[in-house]
Amino acid sequence: PGDNRLVVIILRGAMDGLDVIQPYGDPMLAKLRQKLSVGPDKGALDLNGFYALHPRLQPLMPLWQKGELAFAHAVSTPYRDKRSHFDGQDLLEAGTGNDVPVDRRMGGWLNRLLQALPGARAETAYSVGVEQMRILSGEAAHLSWAPRVSLRLSPQAQLLLEHVYHDDPLFRDAARDAAQISADSPGMDKEEPGPTADVRALGSFAASRLNGESRIAAFSIVGWDSHATQEAVLGRALDKLAAAILALRDGLGPNWARTTVLAMTEFGRTVRENGSKCNDHGTGGALLMAGGAIRGGRAYGDWPGLGEGQLYADRDLMPVRDIRAYAAWAMRGLFGIEPGVLERTVFPGLDLGGDPKMLA
């Protein structure tokens, strides 16, 4: 279904968007976060005089400068107040509103996209990694791959399999496909060792499929829950996010120009620090976008402010836009899905709102 690609990365654990994309131009941020490092004076990377990028995302700065990295602040799903990781992730991946129960029979919003996408087949979408991706569950067929399941075939073993399965179309074709994946896709055992090897494998494999018949891929990165030791926890998670995005870019080659990457989390974190110099579960968060298909080098959405009367429940960043709207507009631009289908079927109950013009 066309030449455009969409990758969705679920950031499990509630990423602190105010630390990842620091609105240091709002003077209240430094007042409310006196122990956390804030702004360019403390090592963050200035983006536009108001926002600064966390220093652990420095590898992505060339993308920002090329117009291939952007973000939207103060976004959220319709989930409010209960602040459960599990419920928040369920709602994020289901793509429904609070008025629509999370029903596993409905599946996830990427699966409903597949059902609305002309020409979609099982090969069109991949769930990548060992984490269950509810976002792709549902009636539409899709494929999955996990790098922890490795297949090593010597040339002799491959010849033996071809001989044994020669007269059996089912096993012959399956063995051929497995051998091809073993040959051209980096599993964890083939990656260079290190803390980002697993996510580089996810990104590289997703890119290899997107260079073929696939157009949609989804995987997750865990480790964003920063109740304590935020500097270390968030730093490790950001290293992985940067590595995954760069693996996608490197693996996609020319197809990177037709790719949109959305990195989404279940909710944000509190504006004020807790007693451990960290932050608890909140509401408004940040959406990161990358890819050659986006209009990057900019911030999307309105900034709600951090002053008195501007916080949600006097503790959280106030959401100003439904995160589903950005995903819906990406689908509209990439695949031509009609607005009515997006609002009623892919994201039931969504008010699409105005086009943020996030795609190039």
# chains A, B, ... in the order shown; residues from 1 in each chain; ligands from 1
>>> select_by_dssp(residues="region 11-213 of chain A", states="strand (DSSP E or B)", output="ChimeraX atom specification")
/A:11-12,21-22,45-46,52-53,69-76,125-128,143-145
>>> select_by_dssp(residues="region 18-97 of chain A", states="alpha helix (DSSP H)", output="mmCIF file with N, CA and C atoms, in the first residue's frame")
data_model
loop_
_atom_site.group_PDB
_atom_site.id
_atom_site.type_symbol
_atom_site.label_atom_id
_atom_site.label_comp_id
_atom_site.auth_asym_id
_atom_site.auth_seq_id
_atom_site.Cartn_x
_atom_site.Cartn_y
_atom_site.Cartn_z
ATOM 1 N N LEU A 18 9.371 16.308 30.349
ATOM 2 C CA LEU A 18 9.928 17.602 30.759
ATOM 3 C C LEU A 18 11.434 17.543 30.964
ATOM 4 N N ASP A 19 11.972 16.339 31.113
ATOM 5 C CA ASP A 19 13.422 16.185 31.209
ATOM 6 C C ASP A 19 14.023 15.861 29.839
ATOM 7 N N VAL A 20 13.282 15.142 29.016
ATOM 8 C CA VAL A 20 13.782 14.783 27.689
ATOM 9 C C VAL A 20 13.784 15.996 26.767
ATOM 10 N N PRO A 27 10.309 30.007 33.061
ATOM 11 C CA PRO A 27 11.099 30.158 34.294
ATOM 12 C C PRO A 27 10.624 29.268 35.424
ATOM 13 N N MET A 28 9.392 28.782 35.360
ATOM 14 C CA MET A 28 8.887 27.942 36.433
ATOM 15 C C MET A 28 9.541 26.565 36.439
ATOM 16 N N LEU A 29 10.084 26.123 35.321
ATOM 17 C CA LEU A 29 10.689 24.796 35.289
ATOM 18 C C LEU A 29 11.861 24.706 36.264
ATOM 19 N N ALA A 30 12.756 25.682 36.227
ATOM 20 C CA ALA A 30 13.906 25.675 37.129
ATOM 21 C C ALA A 30 13.478 25.829 38.589
ATOM 22 N N LYS A 31 12.396 26.551 38.835
ATOM 23 C CA LYS A 31 11.924 26.731 40.209
ATOM 24 C C LYS A 31 11.318 25.448 40.765
ATOM 25 N N LEU A 32 10.624 24.709 39.905
ATOM 26 C CA LEU A 32 9.957 23.489 40.348
ATOM 27 C C LEU A 32 10.884 22.278 40.309
ATOM 28 N N MET A 61 21.014 14.909 17.469
ATOM 29 C CA MET A 61 21.063 16.321 17.079
ATOM 30 C C MET A 61 21.243 16.526 15.574
ATOM 31 N N PRO A 62 22.058 15.713 14.883
ATOM 32 C CA PRO A 62 22.130 15.883 13.427
ATOM 33 C C PRO A 62 20.781 15.710 12.737
ATOM 34 N N LEU A 63 19.910 14.860 13.286
ATOM 35 C CA LEU A 63 18.574 14.718 12.704
ATOM 36 C C LEU A 63 17.767 16.002 12.901
ATOM 37 N N TRP A 64 17.864 16.594 14.081
ATOM 38 C CA TRP A 64 17.177 17.863 14.340
ATOM 39 C C TRP A 64 17.653 18.925 13.349
ATOM 40 N N GLN A 65 18.942 18.986 13.155
ATOM 41 C CA GLN A 65 19.504 20.006 12.263
ATOM 42 C C GLN A 65 19.130 19.772 10.804
ATOM 43 N N LYS A 66 18.902 18.515 10.422
ATOM 44 C CA LYS A 66 18.496 18.200 9.053
ATOM 45 C C LYS A 66 16.983 18.267 8.868
ATOM 46 N N HIS A 85 0.530 2.186 35.128
ATOM 47 C CA HIS A 85 1.278 1.888 33.910
ATOM 48 C C HIS A 85 0.505 0.925 33.009
ATOM 49 N N PHE A 86 -0.064 -0.108 33.613
ATOM 50 C CA PHE A 86 -0.709 -1.154 32.818
ATOM 51 C C PHE A 86 -1.953 -0.614 32.113
ATOM 52 N N ASP A 87 -2.798 0.095 32.856
ATOM 53 C CA ASP A 87 -3.998 0.660 32.240
ATOM 54 C C ASP A 87 -3.622 1.727 31.211
ATOM 55 N N GLY A 88 -2.610 2.531 31.546
ATOM 56 C CA GLY A 88 -2.200 3.590 30.619
ATOM 57 C C GLY A 88 -1.663 3.025 29.318
ATOM 58 N N GLN A 89 -0.859 1.964 29.403
ATOM 59 C CA GLN A 89 -0.329 1.349 28.186
ATOM 60 C C GLN A 89 -1.430 0.651 27.399
ATOM 61 N N ASP A 90 -2.369 0.015 28.101
ATOM 62 C CA ASP A 90 -3.490 -0.611 27.409
ATOM 63 C C ASP A 90 -4.267 0.415 26.595
ATOM 64 N N LEU A 91 -4.548 1.564 27.207
ATOM 65 C CA LEU A 91 -5.323 2.591 26.509
ATOM 66 C C LEU A 91 -4.516 3.189 25.357
ATOM 67 N N LEU A 92 -3.218 3.401 25.562
ATOM 68 C CA LEU A 92 -2.370 3.936 24.496
ATOM 69 C C LEU A 92 -2.371 3.011 23.284
ATOM 70 N N GLU A 93 -2.260 1.712 23.519
ATOM 71 C CA GLU A 93 -2.177 0.781 22.405
ATOM 72 C C GLU A 93 -3.545 0.453 21.819
ATOM 73 N N ALA A 94 -4.590 0.497 22.645
ATOM 74 C CA ALA A 94 -5.939 0.278 22.118
ATOM 75 C C ALA A 94 -6.377 1.451 21.252
#
>>> closest_residue(among="A:Lys35, A:Arg321, A:Met15, A:Asp81", to="Asp351 (chain A)", atoms="only C-alpha atoms")
A:Arg321
>>> closest_residue(among="A:Phe267, A:Phe71, A:Trp109, A:Tyr51", to="Val341 (chain A)", atoms="only C-alpha atoms")
A:Trp109
>>> atom_distance(atom1="CA of Ala242 (chain A)", atom2="CA of Leu60 (chain A)")
6.4 Å
>>> closest_atom_pairs(of="region 218-249 of chain A", to="region 268-274 of chain A", cutoff="12 Å", atoms="only C-alpha atoms", output="tab-separated table")
residue	atom	partner	partner_atom	distance
A:Trp224	CA	A:Gly268	CA	10.3
A:Asp225	CA	A:Arg269	CA	9.3
A:Ser226	CA	A:Arg269	CA	8.9
A:His227	CA	A:Asn274	CA	8.1
A:Ala228	CA	A:Asn274	CA	8.9
A:Thr229	CA	A:Asn274	CA	11.2
A:Gln230	CA	A:Glu273	CA	10.4
>>> closest_residue(among="A:Gly17, A:Gly223, A:Pro118, A:Gly129", to="Ser204 (chain A)", atoms="only C-alpha atoms")
A:Gly129
>>> atom_distance(atom1="CA of Val261 (chain A)", atom2="CA of Thr345 (chain A)")
21.9 Å
>>> residues_around(residues="Ala116 (chain A)", least_positions_apart="2", cutoff="12 Å", atoms="only C-alpha atoms", output="list in words")
Pro1, Trp109, Leu110, Asn111, Arg112, Leu113, Leu114, Pro118, Gly119, Ala120, Arg121, Glu139, Ala140, Met331, Arg332, Phe335, Gly336, Ile337, Glu338, Pro339, Gly340, Val341, Leu342, Arg344, Thr345, Val346 and Phe347 of chain A
>>> atom_distance(atom1="CA of Glu68 (chain A)", atom2="CA of Asp239 (chain A)")
18.1 Å
>>> closest_residue(among="A:Gln310, A:Ser154, A:Thr96, A:Ser220", to="Val130 (chain A)", atoms="only C-alpha atoms")
A:Ser220
>>> closest_residue(among="A:Asn211, A:Gln34, A:Ser276, A:Ser144", to="Thr259 (chain A)", atoms="only C-alpha atoms")
A:Asn211
>>> closest_residue(among="A:Arg215, A:His73, A:His281, A:Arg200", to="Arg298 (chain A)", atoms="only C-alpha atoms")
A:His73
>>> residues_around(residues="Asp314 (chain A)", least_positions_apart="3", cutoff="12 Å", atoms="only C-alpha atoms", output="VMD selection string")
chain A and resid 270 to 272 282 to 283 305 to 311 317 to 318
>>> write_last_selection(atoms="all heavy atoms", output="compact mmCIF listing (two decimals), in the first residue's frame")
# COMPACT_ATOMS: atom_id res chain seq x y z
N THR A 270 5.16 14.04 37.00
CA THR A 270 4.84 15.26 37.72
C THR A 270 5.86 16.36 37.42
O THR A 270 7.03 16.09 37.12
CB THR A 270 4.82 15.01 39.24
OG1 THR A 270 6.05 14.37 39.62
CG2 THR A 270 3.65 14.12 39.62
N VAL A 271 5.40 17.59 37.50
CA VAL A 271 6.29 18.73 37.24
C VAL A 271 7.26 18.90 38.41
O VAL A 271 8.46 19.09 38.21
CB VAL A 271 5.47 20.01 37.02
CG1 VAL A 271 6.40 21.21 36.85
CG2 VAL A 271 4.57 19.86 35.80
N ARG A 272 6.75 18.83 39.62
CA ARG A 272 7.62 19.00 40.79
C ARG A 272 8.41 17.72 41.08
O ARG A 272 7.94 16.61 40.87
CB ARG A 272 6.77 19.34 42.02
CG ARG A 272 6.03 20.67 41.91
CD ARG A 272 5.21 20.93 43.18
NE ARG A 272 4.47 22.17 43.08
CZ ARG A 272 3.24 22.27 42.56
NH1 ARG A 272 2.64 21.19 42.07
NH2 ARG A 272 2.62 23.43 42.51
N GLY A 282 2.44 11.16 36.11
CA GLY A 282 1.75 12.40 35.82
C GLY A 282 0.72 12.25 34.72
O GLY A 282 0.11 11.19 34.56
N THR A 283 0.56 13.30 33.92
CA THR A 283 -0.47 13.30 32.87
C THR A 283 0.15 13.72 31.54
O THR A 283 0.51 12.89 30.73
CB THR A 283 -1.65 14.22 33.25
OG1 THR A 283 -2.12 13.87 34.57
CG2 THR A 283 -2.79 14.05 32.26
N GLY A 305 2.23 26.21 29.80
CA GLY A 305 2.80 26.92 30.94
C GLY A 305 2.84 26.06 32.20
O GLY A 305 2.14 25.05 32.33
N LEU A 306 3.70 26.49 33.13
CA LEU A 306 3.90 25.75 34.38
C LEU A 306 3.58 26.61 35.60
O LEU A 306 3.89 26.22 36.73
CB LEU A 306 5.35 25.27 34.47
CG LEU A 306 5.84 24.34 33.35
CD1 LEU A 306 7.33 24.06 33.51
CD2 LEU A 306 5.04 23.05 33.32
N GLY A 307 2.97 27.75 35.39
CA GLY A 307 2.69 28.66 36.49
C GLY A 307 1.46 28.28 37.28
O GLY A 307 0.78 27.28 37.00
N GLU A 308 1.17 29.09 38.27
CA GLU A 308 0.01 28.85 39.13
C GLU A 308 -1.27 28.83 38.30
O GLU A 308 -1.51 29.72 37.48
CB GLU A 308 -0.07 29.92 40.22
CG GLU A 308 -1.19 29.69 41.23
CD GLU A 308 -1.18 30.73 42.33
OE1 GLU A 308 -0.23 31.54 42.38
OE2 GLU A 308 -2.14 30.73 43.14
N GLY A 309 -2.08 27.81 38.52
CA GLY A 309 -3.33 27.68 37.78
C GLY A 309 -3.18 27.07 36.40
O GLY A 309 -4.19 26.86 35.71
N GLN A 310 -1.95 26.76 35.97
CA GLN A 310 -1.74 26.21 34.64
C GLN A 310 -1.48 24.70 34.64
O GLN A 310 -1.43 24.09 33.57
CB GLN A 310 -0.55 26.92 33.96
CG GLN A 310 -0.80 28.39 33.68
CD GLN A 310 0.40 29.08 33.05
OE1 GLN A 310 1.54 28.87 33.47
NE2 GLN A 310 0.16 29.89 32.04
N LEU A 311 -1.30 24.10 35.81
CA LEU A 311 -1.00 22.68 35.89
C LEU A 311 -2.29 21.87 35.99
O LEU A 311 -3.29 22.33 36.54
CB LEU A 311 -0.10 22.38 37.08
CG LEU A 311 1.25 23.09 37.14
CD1 LEU A 311 2.03 22.64 38.37
CD2 LEU A 311 2.04 22.84 35.87
N LEU A 317 1.84 18.45 33.99
CA LEU A 317 1.77 19.23 32.76
C LEU A 317 0.37 19.08 32.16
O LEU A 317 -0.12 17.96 31.99
CB LEU A 317 2.83 18.75 31.77
CG LEU A 317 2.89 19.48 30.42
CD1 LEU A 317 3.26 20.94 30.61
CD2 LEU A 317 3.88 18.78 29.50
N MET A 318 -0.26 20.20 31.85
CA MET A 318 -1.62 20.20 31.31
C MET A 318 -1.61 19.72 29.86
O MET A 318 -0.94 20.30 29.02
CB MET A 318 -2.21 21.60 31.37
CG MET A 318 -3.62 21.71 30.82
SD MET A 318 -4.86 20.93 31.89
CE MET A 318 -4.90 22.14 33.24
